[in-house]
$ cat my_file_5.tsv   # TSV, C-alpha atoms
chain	number	residue	atom	x	y	z
E	10	MET	CA	-225.72	98.31	-45.85
E	11	ALA	CA	-225.17	99.12	-42.20
E	12	VAL	CA	-221.94	97.94	-40.66
E	13	LEU	CA	-222.27	96.52	-37.19
E	14	ALA	CA	-219.56	97.67	-34.81
E	15	PRO	CA	-218.04	95.01	-32.57
E	16	PRO	CA	-219.16	95.21	-28.96
E	17	ALA	CA	-216.96	97.36	-26.76
E	18	ARG	CA	-214.62	95.39	-24.57
E	19	PRO	CA	-214.21	96.49	-20.95
E	20	ASP	CA	-210.85	97.88	-19.97
E	21	ARG	CA	-209.08	95.17	-18.00
E	22	SER	CA	-206.58	96.81	-15.76
E	23	ALA	CA	-205.25	93.87	-13.77
E	24	GLY	CA	-205.74	90.18	-13.33
E	25	GLY	CA	-208.12	89.96	-16.29
E	26	LEU	CA	-210.83	91.76	-14.33
E	27	PRO	CA	-212.64	94.80	-15.69
E	28	SER	CA	-211.33	98.17	-14.56
E	29	GLY	CA	-212.81	99.10	-11.21
E	30	ALA	CA	-213.51	95.49	-10.18
E	31	ARG	CA	-210.39	95.30	-8.05
E	32	LEU	CA	-209.74	97.68	-5.17
E	33	PRO	CA	-212.74	99.87	-6.03
E	34	ALA	CA	-211.95	102.19	-3.11
E	35	LEU	CA	-208.91	103.45	-5.04
E	36	ARG	CA	-210.75	104.29	-8.25
E	37	HIS	CA	-211.45	107.88	-7.31
E	38	LEU	CA	-208.21	108.55	-5.41
E	39	GLY	CA	-206.75	111.37	-7.49
E	40	PRO	CA	-203.37	113.14	-7.45
E	41	ASN	CA	-204.83	115.87	-5.24
E	42	TRP	CA	-204.25	113.56	-2.26
E	43	TYR	CA	-200.55	114.44	-2.37
E	44	ALA	CA	-201.60	117.88	-1.12
E	45	ALA	CA	-202.23	116.32	2.30
E	46	VAL	CA	-198.61	115.12	2.33
E	47	MET	CA	-197.37	118.58	1.36
E	48	GLY	CA	-199.53	120.25	3.97
E	49	THR	CA	-198.21	117.96	6.70
E	50	ALA	CA	-194.55	118.18	5.66
E	51	ILE	CA	-194.54	121.99	5.66
E	52	VAL	CA	-195.53	122.18	9.34
E	53	PRO	CA	-192.21	120.92	10.81
E	54	ALA	CA	-190.21	122.74	8.12
E	55	ALA	CA	-191.94	126.02	8.94
E	56	GLY	CA	-191.73	125.40	12.68
E	57	ALA	CA	-187.98	124.78	12.50
E	58	ALA	CA	-187.55	128.03	10.53
E	59	LEU	CA	-189.23	130.20	13.16
E	60	PRO	CA	-186.88	132.72	14.80
E	61	LEU	CA	-187.62	131.48	18.32
E	62	GLU	CA	-186.70	128.58	20.56
E	63	VAL	CA	-189.34	126.87	22.71
E	64	PRO	CA	-188.32	123.82	24.76
E	65	GLY	CA	-189.99	120.63	23.56
E	66	LEU	CA	-191.14	121.95	20.19
E	67	ARG	CA	-188.33	120.20	18.34
E	68	ALA	CA	-189.77	116.84	19.37
E	69	VAL	CA	-193.17	117.91	18.07
E	70	TRP	CA	-191.67	118.83	14.69
E	71	VAL	CA	-189.97	115.43	14.51
E	72	ALA	CA	-193.28	113.70	15.24
E	73	VAL	CA	-195.11	115.65	12.52
E	74	TRP	CA	-192.26	114.94	10.08
E	75	ALA	CA	-192.65	111.22	10.82
E	76	LEU	CA	-196.38	111.57	10.11
E	77	SER	CA	-195.58	113.20	6.75
E	78	VAL	CA	-193.28	110.30	5.86
E	79	ALA	CA	-196.03	107.81	6.70
E	80	ALA	CA	-198.55	109.85	4.71
E	81	LEU	CA	-196.23	109.95	1.69
E	82	ALA	CA	-195.72	106.19	1.82
E	83	ALA	CA	-199.48	105.58	2.13
E	84	VAL	CA	-200.45	107.89	-0.73
E	85	LEU	CA	-197.66	106.60	-3.00
E	86	THR	CA	-198.85	103.04	-2.39
E	87	ALA	CA	-202.50	103.93	-2.94
E	88	ARG	CA	-201.72	105.87	-6.12
E	89	ALA	CA	-199.66	102.95	-7.42
E	90	GLY	CA	-202.69	100.74	-6.84
E	91	HIS	CA	-204.84	103.29	-8.64
E	92	TRP	CA	-202.59	103.19	-11.71
E	93	LEU	CA	-202.32	99.38	-11.58
E	94	HIS	CA	-206.01	98.57	-11.20
E	95	HIS	CA	-207.72	101.66	-12.66
E	96	ARG	CA	-205.58	102.73	-15.59
E	97	ASP	CA	-208.59	104.01	-17.49
E	98	GLN	CA	-209.40	106.42	-14.68
E	99	ALA	CA	-205.76	107.40	-14.30
E	100	ARG	CA	-205.57	108.26	-18.00
E	101	ALA	CA	-208.85	110.15	-17.72
E	102	HIS	CA	-207.31	112.24	-14.91
E	103	LEU	CA	-204.43	113.25	-17.18
E	104	LEU	CA	-206.83	114.28	-19.93
E	105	ASP	CA	-209.15	116.17	-17.57
E	106	PRO	CA	-208.25	119.89	-17.45
E	107	ALA	CA	-209.59	120.22	-13.90
E	108	VAL	CA	-207.60	117.26	-12.52
E	109	ALA	CA	-204.36	117.15	-14.52
E	110	PRO	CA	-202.69	120.14	-12.78
E	111	PHE	CA	-202.86	118.26	-9.46
E	112	HIS	CA	-200.16	115.90	-10.73
E	113	GLY	CA	-197.71	118.63	-9.73
E	114	CYS	CA	-198.46	117.78	-6.11
E	115	LEU	CA	-196.52	114.51	-6.39
E	116	ALA	CA	-193.22	116.26	-7.12
E	117	MET	CA	-193.83	118.82	-4.39
E	118	ALA	CA	-194.70	116.11	-1.87
E	119	LEU	CA	-191.39	114.35	-2.54
E	120	LEU	CA	-189.47	117.61	-2.23
E	121	ALA	CA	-191.27	118.72	0.94
E	122	VAL	CA	-190.71	115.44	2.74
E	123	GLY	CA	-187.09	115.32	1.59
E	124	GLY	CA	-186.43	118.84	2.86
E	125	GLY	CA	-188.07	118.05	6.19
E	126	THR	CA	-185.94	114.93	6.53
E	127	LEU	CA	-182.71	116.91	6.43
E	128	THR	CA	-184.14	119.71	8.58
E	129	VAL	CA	-185.71	117.76	11.46
E	130	GLY	CA	-185.61	114.08	10.49
E	131	ARG	CA	-181.86	114.05	11.07
E	132	ASP	CA	-182.63	113.95	14.81
E	133	VAL	CA	-183.94	110.42	14.27
E	134	LEU	CA	-182.04	109.12	11.24
E	135	GLY	CA	-178.70	110.79	11.77
E	136	GLU	CA	-177.16	113.33	9.44
E	137	ARG	CA	-175.75	110.90	6.87
E	138	ALA	CA	-178.97	108.95	6.38
E	139	ALA	CA	-181.08	112.12	6.36
E	140	LEU	CA	-178.78	113.62	3.73
E	141	ALA	CA	-179.09	110.51	1.55
E	142	VAL	CA	-182.89	110.54	1.78
E	143	ASP	CA	-183.08	114.24	0.98
E	144	ALA	CA	-180.71	113.89	-1.98
E	145	VAL	CA	-182.76	111.05	-3.47
E	146	LEU	CA	-186.11	112.79	-2.96
E	147	PHE	CA	-184.69	116.11	-4.21
E	148	GLY	CA	-183.41	114.47	-7.38
E	149	ALA	CA	-186.62	112.54	-8.00
E	150	GLY	CA	-188.86	115.51	-7.20
E	151	THR	CA	-186.86	117.92	-9.34
E	152	LEU	CA	-186.76	115.64	-12.39
E	153	LEU	CA	-190.45	114.82	-12.04
E	154	GLY	CA	-191.23	118.51	-11.58
E	155	LEU	CA	-189.43	119.41	-14.81
E	156	VAL	CA	-191.45	116.78	-16.67
E	157	ILE	CA	-194.68	118.09	-15.16
E	158	VAL	CA	-193.92	121.77	-15.77
E	159	VAL	CA	-193.64	120.95	-19.48
E	160	GLY	CA	-196.10	118.07	-19.77
E	161	ILE	CA	-199.18	119.57	-18.13
E	162	PRO	CA	-199.05	122.88	-20.04
E	163	TYR	CA	-198.53	120.83	-23.21
E	164	LEU	CA	-201.71	118.88	-22.45
E	165	MET	CA	-203.52	122.13	-21.70
E	166	VAL	CA	-202.57	123.50	-25.12
E	167	VAL	CA	-203.00	120.37	-27.21
E	168	ARG	CA	-205.70	118.31	-25.49
E	169	HIS	CA	-207.48	120.24	-22.74
E	170	ARG	CA	-208.08	123.56	-24.52
E	171	PRO	CA	-209.83	125.11	-21.47
E	172	ALA	CA	-211.97	128.22	-21.78
E	173	ALA	CA	-211.12	131.49	-20.04
E	174	ALA	CA	-213.90	130.81	-17.51
E	175	ASP	CA	-212.12	127.59	-16.46
E	176	ALA	CA	-208.99	129.40	-15.23
E	177	SER	CA	-208.28	128.76	-11.57
E	178	PRO	CA	-205.35	128.90	-9.14
E	179	VAL	CA	-205.03	125.13	-9.61
E	180	TRP	CA	-203.23	125.95	-12.87
E	181	LEU	CA	-200.29	127.15	-10.75
E	182	LEU	CA	-199.59	123.69	-9.32
E	183	PRO	CA	-197.52	122.37	-12.25
E	184	VAL	CA	-195.47	125.56	-12.70
E	185	VAL	CA	-194.61	126.06	-9.02
E	186	THR	CA	-192.88	122.68	-8.67
E	187	PRO	CA	-189.44	123.96	-9.79
E	188	MET	CA	-189.73	126.76	-7.23
E	189	VAL	CA	-190.04	124.16	-4.47
E	190	SER	CA	-186.83	122.57	-5.77
E	191	ALA	CA	-185.17	126.00	-5.70
E	192	ALA	CA	-186.17	126.41	-2.04
E	193	VAL	CA	-185.15	122.89	-0.95
E	194	GLY	CA	-181.92	122.60	-2.95
E	195	PRO	CA	-179.84	125.16	-1.02
E	196	ALA	CA	-179.71	122.86	2.02
E	197	LEU	CA	-177.68	120.41	-0.07
E	198	VAL	CA	-175.12	122.96	-1.30
E	199	PRO	CA	-172.79	122.83	1.75
E	200	TYR	CA	-172.53	119.04	1.46
E	201	LEU	CA	-171.04	119.18	-2.04
E	202	PRO	CA	-167.28	119.60	-2.62
E	203	ALA	CA	-166.21	123.22	-2.92
E	204	GLY	CA	-165.89	124.40	-6.48
E	205	GLN	CA	-167.86	123.31	-9.52
E	206	GLY	CA	-170.33	121.13	-7.63
E	207	ARG	CA	-171.54	123.81	-5.24
E	208	THR	CA	-171.63	126.50	-7.90
E	209	ALA	CA	-173.58	124.28	-10.30
E	210	LEU	CA	-176.22	123.41	-7.71
E	211	LEU	CA	-176.54	127.02	-6.54
E	212	LEU	CA	-176.94	128.42	-10.05
E	213	GLY	CA	-179.15	125.48	-11.03
E	214	CYS	CA	-181.51	126.41	-8.21
E	215	TYR	CA	-181.55	130.01	-9.46
E	216	ALA	CA	-182.42	128.68	-12.92
E	217	LEU	CA	-185.30	126.70	-11.42
E	218	PHE	CA	-186.36	129.85	-9.55
E	219	GLY	CA	-186.45	131.86	-12.78
E	220	LEU	CA	-188.22	129.13	-14.73
E	221	SER	CA	-191.01	128.88	-12.18
E	222	LEU	CA	-191.26	132.62	-11.56
E	223	LEU	CA	-191.76	133.52	-15.22
E	224	ALA	CA	-194.22	130.68	-15.74
E	225	THR	CA	-196.16	131.89	-12.70
E	226	LEU	CA	-196.23	135.43	-14.06
E	227	MET	CA	-197.88	134.05	-17.20
E	228	MET	CA	-200.56	132.21	-15.22
E	229	LEU	CA	-201.47	134.75	-12.52
E	230	PRO	CA	-203.07	137.33	-14.87
E	231	LEU	CA	-205.34	134.59	-16.25
E	232	VAL	CA	-206.45	133.65	-12.74
E	233	PHE	CA	-207.20	137.21	-11.66
E	234	ALA	CA	-208.90	138.03	-14.97
E	235	ARG	CA	-211.19	135.05	-14.47
E	236	LEU	CA	-212.16	136.28	-11.00
E	237	VAL	CA	-212.87	139.81	-12.21
E	238	THR	CA	-214.80	138.86	-15.35
E	239	HIS	CA	-216.64	135.73	-14.16
E	240	GLY	CA	-217.01	136.30	-10.43
E	241	PRO	CA	-216.01	134.11	-7.45
E	242	LEU	CA	-214.96	130.51	-7.89
E	243	PRO	CA	-217.40	127.67	-7.13
E	244	LEU	CA	-217.63	127.09	-3.39
E	245	ALA	CA	-215.59	123.89	-3.43
E	246	LEU	CA	-212.74	125.63	-5.26
E	247	THR	CA	-212.72	128.76	-3.10
E	248	PRO	CA	-209.92	127.46	-0.80
E	249	ALA	CA	-207.75	127.06	-3.93
E	250	LEU	CA	-207.35	130.85	-3.95
E	251	CYS	CA	-204.66	130.31	-1.31
E	252	LEU	CA	-202.60	128.43	-3.90
E	253	VAL	CA	-201.47	131.80	-5.23
E	254	LEU	CA	-199.53	132.23	-2.00
E	255	GLY	CA	-197.40	129.20	-2.89
E	256	PRO	CA	-195.16	130.74	-5.59
E	257	LEU	CA	-195.02	134.01	-3.64
E	258	GLY	CA	-193.90	132.54	-0.33
E	259	GLN	CA	-191.78	129.82	-1.92
E	260	SER	CA	-189.88	132.25	-4.14
E	261	THR	CA	-189.15	134.49	-1.15
E	262	THR	CA	-187.97	131.43	0.76
E	263	ALA	CA	-185.81	130.32	-2.17
E	264	VAL	CA	-183.92	133.59	-2.64
E	265	GLY	CA	-183.33	133.83	1.12
E	266	ARG	CA	-181.94	130.32	1.44
E	267	LEU	CA	-179.85	130.66	-1.72
E	268	ALA	CA	-178.35	133.86	-0.31
E	269	ASP	CA	-177.47	132.02	2.90
E	270	VAL	CA	-175.29	129.46	1.07
E	271	ALA	CA	-174.02	131.71	-1.73
E	272	PRO	CA	-170.75	132.71	0.06
E	273	SER	CA	-169.59	129.08	0.03
E	274	ALA	CA	-170.36	128.62	-3.67
E	275	VAL	CA	-169.59	131.87	-5.52
E	276	GLY	CA	-167.23	134.79	-5.15
E	277	GLY	CA	-167.66	137.65	-2.71
E	278	PRO	CA	-169.20	140.25	-5.07
E	279	TYR	CA	-171.81	137.79	-6.30
E	280	ALA	CA	-172.61	136.59	-2.78
E	281	GLY	CA	-173.22	140.14	-1.63
E	282	ALA	CA	-175.42	140.89	-4.61
E	283	LEU	CA	-177.47	137.74	-4.04
E	284	THR	CA	-177.97	138.67	-0.39
E	285	ALA	CA	-179.21	142.11	-1.42
E	286	PHE	CA	-181.48	140.50	-4.03
E	287	ALA	CA	-183.06	138.32	-1.33
E	288	VAL	CA	-184.26	141.46	0.45
E	289	VAL	CA	-185.02	143.62	-2.59
E	290	TYR	CA	-187.11	140.83	-4.11
E	291	GLY	CA	-188.54	139.29	-0.95
E	292	VAL	CA	-190.00	142.36	0.76
E	293	PRO	CA	-192.26	143.50	-2.15
E	294	VAL	CA	-193.35	139.94	-2.91
E	295	MET	CA	-194.23	139.32	0.73
E	296	GLY	CA	-196.28	142.52	0.65
E	297	PHE	CA	-198.23	141.22	-2.34
E	298	ALA	CA	-198.64	137.86	-0.59
E	299	LEU	CA	-200.30	139.60	2.36
E	300	LEU	CA	-202.58	141.49	-0.02
E	301	TRP	CA	-203.62	138.24	-1.70
E	302	LEU	CA	-204.05	136.53	1.67
E	303	ALA	CA	-206.49	139.25	2.71
E	304	LEU	CA	-208.43	138.95	-0.56
E	305	ALA	CA	-208.54	135.16	-0.33
E	306	ALA	CA	-209.65	135.32	3.31
E	307	THR	CA	-212.60	137.57	2.48
E	308	LEU	CA	-213.71	135.24	-0.32
E	309	VAL	CA	-213.33	132.20	1.95
E	310	VAL	CA	-215.49	133.89	4.59
E	311	ARG	CA	-218.03	134.60	1.87
E	312	GLY	CA	-217.93	130.95	0.84
E	313	VAL	CA	-218.42	129.71	4.40
E	314	ARG	CA	-221.43	131.99	4.83
E	315	ARG	CA	-222.90	130.47	1.67
E	316	GLY	CA	-222.51	126.90	2.86
E	317	MET	CA	-219.00	125.88	1.81
E	318	ARG	CA	-218.33	122.46	3.34
E	319	PHE	CA	-215.14	120.52	3.86
E	320	SER	CA	-213.43	119.02	0.83
E	321	MET	CA	-209.88	118.09	-0.02
E	322	THR	CA	-209.33	121.57	-1.45
E	323	TRP	CA	-209.06	122.73	2.18
E	324	TRP	CA	-205.48	121.46	2.11
E	325	ALA	CA	-204.78	124.56	0.01
E	326	PHE	CA	-204.86	126.46	3.32
E	327	THR	CA	-201.69	124.66	4.49
E	328	PHE	CA	-198.66	124.38	2.21
E	329	PRO	CA	-198.95	127.84	0.58
E	330	VAL	CA	-199.29	129.53	3.99
E	331	GLY	CA	-196.31	127.49	5.22
E	332	THR	CA	-194.15	128.86	2.42
E	333	CYS	CA	-195.05	132.36	3.57
E	334	VAL	CA	-193.88	131.41	7.07
E	335	THR	CA	-190.47	130.30	5.80
E	336	GLY	CA	-190.29	133.35	3.53
E	337	ALA	CA	-191.04	135.75	6.38
E	338	ALA	CA	-188.53	133.95	8.61
E	339	GLY	CA	-185.89	134.37	5.92
E	340	LEU	CA	-186.61	138.10	5.66
E	341	ALA	CA	-186.34	138.39	9.44
E	342	ARG	CA	-182.94	136.71	9.23
E	343	HIS	CA	-181.65	138.97	6.47
E	344	THR	CA	-183.11	142.30	7.63
E	345	GLY	CA	-183.05	141.88	11.39
E	346	LEU	CA	-186.54	143.37	11.62
E	347	ALA	CA	-188.66	142.02	14.47
E	348	ALA	CA	-191.77	142.75	12.39
E	349	PHE	CA	-190.91	139.89	10.04
E	350	SER	CA	-190.32	137.58	13.00
E	351	TRP	CA	-193.76	138.35	14.37
E	352	LEU	CA	-195.25	137.95	10.90
E	353	ALA	CA	-193.71	134.48	10.65
E	354	VAL	CA	-195.10	133.50	14.05
E	355	GLY	CA	-198.59	134.80	13.20
E	356	LEU	CA	-198.65	132.99	9.86
E	357	PHE	CA	-197.42	129.83	11.55
E	358	ALA	CA	-200.34	129.96	13.98
E	359	LEU	CA	-202.65	130.21	10.95
E	360	LEU	CA	-200.84	127.27	9.33
E	361	VAL	CA	-201.22	125.01	12.37
E	362	THR	CA	-204.90	125.85	12.66
E	363	ALA	CA	-205.51	125.14	8.98
E	364	TRP	CA	-203.54	121.88	9.17
E	365	ALA	CA	-205.53	120.69	12.17
E	366	VAL	CA	-208.86	121.50	10.50
E	367	ALA	CA	-207.92	119.93	7.15
E	368	GLY	CA	-206.42	116.89	8.87
E	369	TRP	CA	-209.46	116.32	11.04
E	370	GLY	CA	-211.80	116.64	8.08
E	371	THR	CA	-209.74	114.16	6.07
E	372	VAL	CA	-209.52	111.59	8.86
E	373	ARG	CA	-213.24	111.91	9.53
E	374	GLY	CA	-214.01	111.43	5.83
E	375	LEU	CA	-211.79	108.35	5.62
E	376	LEU	CA	-213.37	106.78	8.70
E	377	ALA	CA	-216.87	107.55	7.42
E	378	GLY	CA	-216.09	106.09	4.01
E	379	THR	CA	-216.88	109.30	2.13
E	380	LEU	CA	-213.24	109.81	1.11
E	381	PRO	CA	-212.23	109.10	-1.53
E	382	GLY	CA	-215.56	109.12	-3.32
E	383	ALA	CA	-216.99	109.63	-6.77
E	384	PRO	CA	-218.33	113.06	-7.72
E	385	ARG	CA	-222.01	113.40	-6.87
E	386	GLY	CA	-224.74	115.81	-7.83
E	387	ALA	CA	-222.95	117.48	-10.74
E	388	ARG	CA	-224.52	117.95	-14.14
E	389	PRO	CA	-222.61	116.58	-17.13
E	390	GLY	CA	-220.32	119.26	-18.53
E	391	ASP	CA	-220.29	121.31	-15.33
E	392	GLN	CA	-216.92	122.45	-14.06
E	393	ALA	CA	-217.85	120.79	-10.79
E	394	SER	CA	-218.25	117.45	-12.50
E	395	ARG	CA	-214.58	117.56	-13.51
E	396	LEU	CA	-213.20	118.29	-10.06
E	397	PRO	CA	-211.19	115.61	-8.28
E	398	ALA	CA	-213.50	113.70	-5.94
E	399	PRO	CA	-214.78	114.62	-3.45
E	400	GLU	CA	-214.52	118.29	-4.42
E	401	ALA	CA	-217.33	117.95	-6.95
E	402	ALA	CA	-219.68	116.72	-4.27
E	403	HIS	CA	-219.65	120.12	-2.61
E	404	ALA	CA	-219.30	122.48	-5.57
E	405	ALA	CA	-221.79	125.26	-5.86
$ encode --input "my_file_5.tsv" --output "structure tokens"
Amino acid sequence: MAVLAPPARPDRSAGGLPSGARLPALRHLGPNWYAAVMGTAIVPAAGAALPLEVPGLRAVWVAVWALSVAALAAVLTARAGHWLHHRDQARAHLLDPAVAPFHGCLAMALLAVGGGTLTVGRDVLGERAALAVDAVLFGAGTLLGLVIVVGIPYLMVVRHRPAAADASPVWLLPVVTPMVSAAVGPALVPYLPAGQGRTALLLGCYALFGLSLLATLMMLPLVFARLVTHGPLPLALTPALCLVLGPLGQSTTAVGRLADVAPSAVGGPYAGALTAFAVVYGVPVMGFALLWLALAATLVVRGVRRGMRFSMTWWAFTFPVGTCVTGAAGLARHTGLAAFSWLAVGLFALLVTAWAVAGWGTVRGLLAGTLPGAPRGARPGDQASRLPAPEAAHAA
């Protein structure tokens, strides 16, 4: 005798209403929106790191930092509404192998805004308040990043089980979060009491550096192997190739900044060795970053010629390039070579251009009502159908 199953009950996320009935505009707002916060916060941080002084630019950096704070508050509020009213979709994002890695952007957004607050926001808030904000955001971002760097790979192994053809630079987002902590943390070292506190934070940042670096070295061969064996990424994901620059530029930035504060935290022999390591490590990695930038640029040009349109993945052009700016500026500081200074300035010009283009496209999409939107035009089972909206709308 057939057994009749009870009718499925709709998921009621809030107020007794079915999921999606309240604040429907937030249903498709995924964690990838934190990338816009990261991309905005890196502009003043990179600008302040440039080895040049131009009258009036400091005020511009402060204004862009304030914009990043407002963007962080807006996205945090919107994402909270997403989790409150659309928990089914939020859970689906965690279980989706194409979307889950973007959760790493939350930790990096907190860290980027916190670092910018101490770097340029102190002009508005004062040093004490800026330090407090940075300490809170650094602590929250670092703890969240450690959870993500374990949690997302765990989901990939246990639940996602992606195929080799699904590998993409997006997989780097969870594992690069500790590297951002390693690059932001050194600014807090001088504010701790001399002795155990400074040494613990300095060496803790080196531990975060090593954790992220080795995890990145596990992921990068998978990404390149996918490109070689399966060809270029779908058009909408092509800008994500620039995400590879993130761990490269951020690790170079981290070792440079850690070397700057090492003399106040460890003994002389160790401080000298760490300064040498900043150069010995940073120069080859920056060389590889330039190689990857050239490869990514050629594939982006190819994508544009084949009709690649704006999507939120264009924010991948911002934060990773910004980390290369700060990395090159650190090498200029430690080597004294003018070539690194000019490299930092040239990369910064690229960063500002990318930020302006991505920002304009995002604002235009918000005003037109196309952002955030549900994926359109993707066949069930396609990789494009699993991209965070609106990326799937423009996938090839």
$ residues_near_point --input "my_file_5.tsv" --point "(-213.4, 138.8, -13.4)" --cutoff "12 Å" --atoms "only C-alpha atoms" --output "PyMOL selection string"
chain E and resi 173-177+230-242
$ write_last_selection --input "my_file_5.tsv" --atoms "C-alpha atoms" --output "PDB file, in the coordinates of the input"
ATOM      1  CA  ALA E 173    -211.120 131.490 -20.040  1.00  0.00           C
ATOM      2  CA  ALA E 174    -213.900 130.810 -17.510  1.00  0.00           C
ATOM      3  CA  ASP E 175    -212.120 127.590 -16.460  1.00  0.00           C
ATOM      4  CA  ALA E 176    -208.990 129.400 -15.230  1.00  0.00           C
ATOM      5  CA  SER E 177    -208.280 128.760 -11.570  1.00  0.00           C
ATOM      6  CA  PRO E 230    -203.070 137.330 -14.870  1.00  0.00           C
ATOM      7  CA  LEU E 231    -205.340 134.590 -16.250  1.00  0.00           C
ATOM      8  CA  VAL E 232    -206.450 133.650 -12.740  1.00  0.00           C
ATOM      9  CA  PHE E 233    -207.200 137.210 -11.660  1.00  0.00           C
ATOM     10  CA  ALA E 234    -208.900 138.030 -14.970  1.00  0.00           C
ATOM     11  CA  ARG E 235    -211.190 135.050 -14.470  1.00  0.00           C
ATOM     12  CA  LEU E 236    -212.160 136.280 -11.000  1.00  0.00           C
ATOM     13  CA  VAL E 237    -212.870 139.810 -12.210  1.00  0.00           C
ATOM     14  CA  THR E 238    -214.800 138.860 -15.350  1.00  0.00           C
ATOM     15  CA  HIS E 239    -216.640 135.730 -14.160  1.00  0.00           C
ATOM     16  CA  GLY E 240    -217.010 136.300 -10.430  1.00  0.00           C
ATOM     17  CA  PRO E 241    -216.010 134.110  -7.450  1.00  0.00           C
ATOM     18  CA  LEU E 242    -214.960 130.510  -7.890  1.00  0.00           C
TER      19      LEU E 242
END
$ residues_around --input "my_file_5.tsv" --residues "stretch 300-306 of chain E" --least-positions-apart "6" --cutoff "12 Å" --atoms "only C-alpha atoms" --output "number ranges by chain"
E: 178, 229, 233, 236, 241-242, 246-258, 293-294, 312-313, 325-326, 329-330, 333, 356, 359
$ closest_residue --input "my_file_5.tsv" --among "E:Ala79, E:Val142, E:Ala224, E:Leu244" --to "E:Met317" --atoms "only C-alpha atoms"
E:Leu244
$ residues_around --input "my_file_5.tsv" --residues "E:Gly124" --least-positions-apart "2" --cutoff "8 Å" --atoms "only C-alpha atoms" --output "ChimeraX atom specification"
/E:54,120-122,126-128,143,147,193,196
$ atom_distance --input "my_file_5.tsv" --atom1 "atom CA of E:Asp132" --atom2 "atom CA of E:Val198"
19.9 Å
$ atom_distance --input "my_file_5.tsv" --atom1 "atom CA of E:Arg131" --atom2 "atom CA of E:Gly194"
16.4 Å
$ residues_around --input "my_file_5.tsv" --residues "E:Leu61" --least-positions-apart "4" --cutoff "9 Å" --atoms "all atoms listed in the file" --output "short mmCIF file (atom, residue, chain, number, x, y, z; two decimals) with C-alpha atoms, in the frame of the given file"
data_model
loop_
_atom_site.label_atom_id
_atom_site.label_comp_id
_atom_site.auth_asym_id
_atom_site.auth_seq_id
_atom_site.Cartn_x
_atom_site.Cartn_y
_atom_site.Cartn_z
CA ALA E 57 -187.98 124.78 12.50
CA SER E 350 -190.32 137.58 13.00
CA VAL E 354 -195.10 133.50 14.05
#
$ atom_distance --input "my_file_5.tsv" --atom1 "atom CA of E:Pro187" --atom2 "atom CA of E:His343"
23.5 Å
$ residues_around --input "my_file_5.tsv" --residues "E:His112" --least-positions-apart "5" --cutoff "9 Å" --atoms "only C-alpha atoms" --output "list in words"
Gly39, Pro40, Asn41, Tyr43, Leu103, Ile157, Ile161, Leu182 and Pro183 of chain E
$ closest_residue --input "my_file_5.tsv" --among "E:Met117, E:Pro162, E:Pro202, E:His169" --to "E:Met228" --atoms "all atoms listed in the file"
E:Pro162
$ closest_residue --input "my_file_5.tsv" --among "E:Gly154, E:Gly123, E:Gly370, E:Gly90" --to "E:Pro110" --atoms "all atoms listed in the file"
E:Gly154
$ axis_aligned_box --input "my_file_5.tsv" --around "stretch 341-349 of chain E" --padding-each-side "5 Å" --output "lines of an AutoDock Vina configuration file"
center_x = -186.7
center_y = 140.0
center_z = 10.5
size_x = 20.1
size_y = 16.7
size_z = 18.0
$ decode --input "my_file_5.tsv" --residues "stretch 375-384 of chain E" --atoms "N, CA and C atoms" --output "compact mmCIF listing (two decimals), in the first residue's frame"
# COMPACT_ATOMS: atom_id res chain seq x y z
N LEU E 375 22.69 48.85 -9.01
CA LEU E 375 21.79 49.06 -7.88
C LEU E 375 20.66 50.02 -8.24
N LEU E 376 21.01 51.10 -8.93
CA LEU E 376 19.99 52.09 -9.31
C LEU E 376 19.02 51.50 -10.33
N ALA E 377 19.51 50.64 -11.20
CA ALA E 377 18.65 50.04 -12.22
C ALA E 377 17.83 48.87 -11.69
N GLY E 378 18.16 48.41 -10.48
CA GLY E 378 17.43 47.30 -9.90
C GLY E 378 17.89 45.94 -10.37
N THR E 379 19.00 45.86 -11.10
CA THR E 379 19.50 44.58 -11.57
C THR E 379 20.43 43.92 -10.56
N LEU E 380 20.87 44.67 -9.57
CA LEU E 380 21.72 44.15 -8.50
C LEU E 380 21.04 44.38 -7.16
N PRO E 381 21.04 43.39 -6.27
CA PRO E 381 21.35 42.00 -6.57
C PRO E 381 20.19 41.32 -7.27
N GLY E 382 20.46 40.35 -8.10
CA GLY E 382 19.41 39.67 -8.83
C GLY E 382 19.63 38.19 -8.87
N ALA E 383 18.58 37.46 -9.19
CA ALA E 383 18.68 36.00 -9.29
C ALA E 383 19.41 35.63 -10.56
N PRO E 384 20.11 34.48 -10.55
CA PRO E 384 20.75 34.01 -11.78
C PRO E 384 19.72 33.82 -12.88
